[in-house]
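S.K.: Following this message is one structure expressed as structure tokens.
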Amino acid sequence: MTQSLSILGSTGSIGRQTLEVAEQLSVRVAALTAGSNVERMAEQCRKFRPSLAVMASEQAADALRARIADLPIRVRSGMDGLIEAAELDEADTVVTAVVGMVGLRPTLAAIAKKKRIALANKETLVCAGELVMAAARASGAEIIPVDSEHSAIFQCLMGAHGKEEIRRLILTCSGGPFFGKKPEELHGVTKADALRHPNWRMGAKITVDCATLMNKGLEVIEAMRLYDLPLSQVDVVIHRQSIVHSLVEFRDGAVLAQLGVPDMRVPIQYALTYPERYESPAKQLRLEDWKTLTFEQPDYDTFSCINLCRQAITKGGIYPASANGANEAANKLFRDGKIKFLDIADAVAGVLDS
């Protein structure tokens, strides 16, 4: 059970929900980090009184210092600040909820200090999964996944005696806001359209990734790294209701699934309390309220990003990092209105080809 937290990315969706969980569990918050949202960070500092607060830029750090000058909180900035928050002696758990591969160095720093890593930053494992998992094994640090899909797999595997018992991992995918559409229907979609996720409320970058299904492609790579399995043993299925969060099929034909209402506070809390379970603020799942749960194959032709990620991990080396970097850049260009929705996958494909 976690006693004290550093939260990397506290002003984002996962960070804010982590603070809700920490408050309910009476877990101390030792460090908070954020990008540029000074106002929200100042509010969090006043409520949770961390020892350390970190902003992405020195300008934002100066603005935060001015707002909380009456509080005994050290304010740092940049990557050095992120690493300091990750290494903080008084925190036994580090929640990595920053967006993008900026999370890699602080994650490695926390691993070196033998922290529990509540991992919500999938790009870290996509870009350098072999390095990260090897470092965790060497140091004895725990990596507990926070993504709903990987938390589900983590829970389903508790009764397994070894990976030789696993036939395949089955990642579920809502299909995003454009499920069922063909390429000709996606030419004119807007950022606002892409941000209308049917089930989850998340940050803008990951929500667009869910619309392109790139998020699921990245999760395929993440699952391979977390559970040390080949691509042939990781499948994806469309499950529109987001009630079954993922499944594991074992070699004897048994399939275990983890179910629950779509609420990220559940996997966040479990990453903090593992191996124990506590009361959660999440709504109770009542299957009779749902009546029907559906499962379908993804449309890999229209939503090619999953296959691009499969291509990248098959080639290995720097290909996964390159695919991730291309997606981060193209996703941002789309959100800034500089490219079209379908250009995101084209950009990733172009980088992999070159």
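Chains: A, B, ... in order of the structure tokens. Residues: from 1 per chain. Ligands: from 1, in order shown.
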Stretch 329-338 of chain A: which residues within 8 Å, counting only C-alpha atoms, same-chain residues fewer than 2 positions away excluded, as a list in words?
M.R.: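 In the requested format, the answer is Lys191, Lys205, Val208, Asp209, Gly325, Ala326, Asn327, Lys340, Phe341, Asp343, Ile344, Ala347 and Val348 of chain A.
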S.K.: What's around A:Leu171 at 8 Å? Count only C-alpha atoms, leave out sequence neighbours fewer than 6 positions away in its own chain, and write the answer as a list of chain:residue names.
M.R.: A:Glu149, A:Lys216, A:Val220, A:Val234, A:Asp235, A:Val236, A:Val237, A:His245, A:Ser246, A:Leu247
S.K.: From the list A:Leu259, A:Cys173, A:Cys156, A:Leu342, which residue is nearest A:Arg286 when using only C-alpha atoms?
M.R.: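 Closest residue, counting only C-alpha atoms: A:Leu259.
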S.K.: Taking only C-alpha atoms into account, name the residue in A:Arg265, A:Arg240, A:His150, A:Arg16 that is nearest to A:Thr292.
M.R.: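 Distance minimum relative to A:Thr292 lands on A:Arg240.
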S.K.: What gap, in Å, lies between atom CA of A:Asn121 and atom CA of A:Thr96?
M.R.: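 So the answer is 5.7 Å.
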S.K.: Please give the complete set of residues from stretch 8-143 of chain A that DSSP, run on the backbone, assigns to strand (DSSP E or B), formatted as JSON, numbers by chain.
M.R.: {"A": [8, 28, 29, 30, 31, 32, 33, 52, 53, 54, 55, 74, 75, 76, 77, 93, 94, 95, 96, 116, 117, 118, 119, 142, 143]}
S.K.: Could those selected residues go to a file with C-alpha atoms, as a PDB file, in the first residue's frame?
M.R.:
ATOM      1  CA  LEU A   8       4.171  13.452 -12.672  1.00  0.00           C
ATOM      2  CA  ARG A  28       0.327  11.906   1.317  1.00  0.00           C
ATOM      3  CA  VAL A  29       1.218  13.824  -1.847  1.00  0.00           C
ATOM      4  CA  ALA A  30       4.942  14.594  -1.731  1.00  0.00           C
ATOM      5  CA  ALA A  31       5.504  16.084  -5.197  1.00  0.00           C
ATOM      6  CA  LEU A  32       3.434  17.451  -8.069  1.00  0.00           C
ATOM      7  CA  THR A  33       4.565  18.256 -11.600  1.00  0.00           C
ATOM      8  CA  LEU A  52       8.048  19.929  -4.279  1.00  0.00           C
ATOM      9  CA  ALA A  53       6.205  21.416  -7.264  1.00  0.00           C
ATOM     10  CA  VAL A  54       7.618  21.338 -10.781  1.00  0.00           C
ATOM     11  CA  MET A  55       6.590  23.213 -13.936  1.00  0.00           C
ATOM     12  CA  ARG A  74      10.134  24.188  -3.323  1.00  0.00           C
ATOM     13  CA  VAL A  75       9.430  25.035  -6.971  1.00  0.00           C
ATOM     14  CA  ARG A  76      11.580  23.623  -9.765  1.00  0.00           C
ATOM     15  CA  SER A  77      11.333  23.482 -13.552  1.00  0.00           C
ATOM     16  CA  THR A  93       5.317   5.558  -5.397  1.00  0.00           C
ATOM     17  CA  VAL A  94       5.643   7.600  -8.578  1.00  0.00           C
ATOM     18  CA  VAL A  95       2.595   8.045 -10.799  1.00  0.00           C
ATOM     19  CA  THR A  96       3.828   8.742 -14.333  1.00  0.00           C
ATOM     20  CA  ARG A 116       6.742   1.598  -7.229  1.00  0.00           C
ATOM     21  CA  ILE A 117       5.888   2.964 -10.676  1.00  0.00           C
ATOM     22  CA  ALA A 118       2.165   3.467 -11.314  1.00  0.00           C
ATOM     23  CA  LEU A 119       2.605   3.650 -15.080  1.00  0.00           C
ATOM     24  CA  GLU A 142       7.578  -2.549  -9.229  1.00  0.00           C
ATOM     25  CA  ILE A 143       5.797  -1.429 -12.387  1.00  0.00           C
TER      26      ILE A 143
END
S.K.: With only C-alpha atoms as the counted atoms, please give the residues lying no more than 8 Å from A:Val98, apart from itself and same-chain residues fewer than 3 positions off, as a ChimeraX atom specification.
M.R.: /A:8-9,12,34,102-103,120-121
S.K.: Please provide as a VMD selection string all residues within 12 Å of A:Gly317, with the sequence filter that same-chain residues fewer than 5 positions apart are discarded (counting only C-alpha atoms).
M.R.: chain A and resid 126 to 131 311 to 312 322 to 323 352
S.K.: Would you please give, as a ChimeraX atom specification, all residues of stretch 108-300 of chain A that DSSP assigns to helix (DSSP H, G or I) based on the backbone?
M.R.: /A:108-112,122-139,148-159,163-165,183-186,191-194,204-212,214-227,231-233,265-273,287-289
S.K.: Just want the 9 Å neighbourhood of A:Gln24, counted on only C-alpha atoms, with same-chain residues fewer than 3 positions away dropped. Output as a list of chain:residue names.
M.R.: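 After dropping sequence-adjacent residues, the list is A:Leu19, A:Glu20, A:Val21, A:Val27, A:Ser280, A:Pro281.
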S.K.: From the list A:Arg277, A:Lys181, A:Arg310, A:Lys283, which residue is nearest A:Gln155 when using only C-alpha atoms?
M.R.: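 Ranked by minimum distance to A:Gln155, first place goes to A:Arg277.
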S.K.: Quick one: of A:Leu82, A:Val99, A:Ala152, A:Val38, who's nearest to A:Glu123, counting only C-alpha atoms?
M.R.: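 Between A:Leu82, A:Val99, A:Ala152, A:Val38, the residue approaching A:Glu123 most closely is A:Val99.
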S.K.: Rank A:Ala110, A:Ala321, A:Ile243, A:Leu308 by their smallest atom-to-atom distance to A:Leu287, using only C-alpha atoms, and report the top residue only.
M.R.: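 For A:Leu287, the nearest of the candidates is A:Ile243.
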S.K.: So which one's closest to A:Gln233, A:Asn199, A:Glu219, A:Arg167, A:Thr294? Using only C-alpha atoms, please.
M.R.: A:Arg167
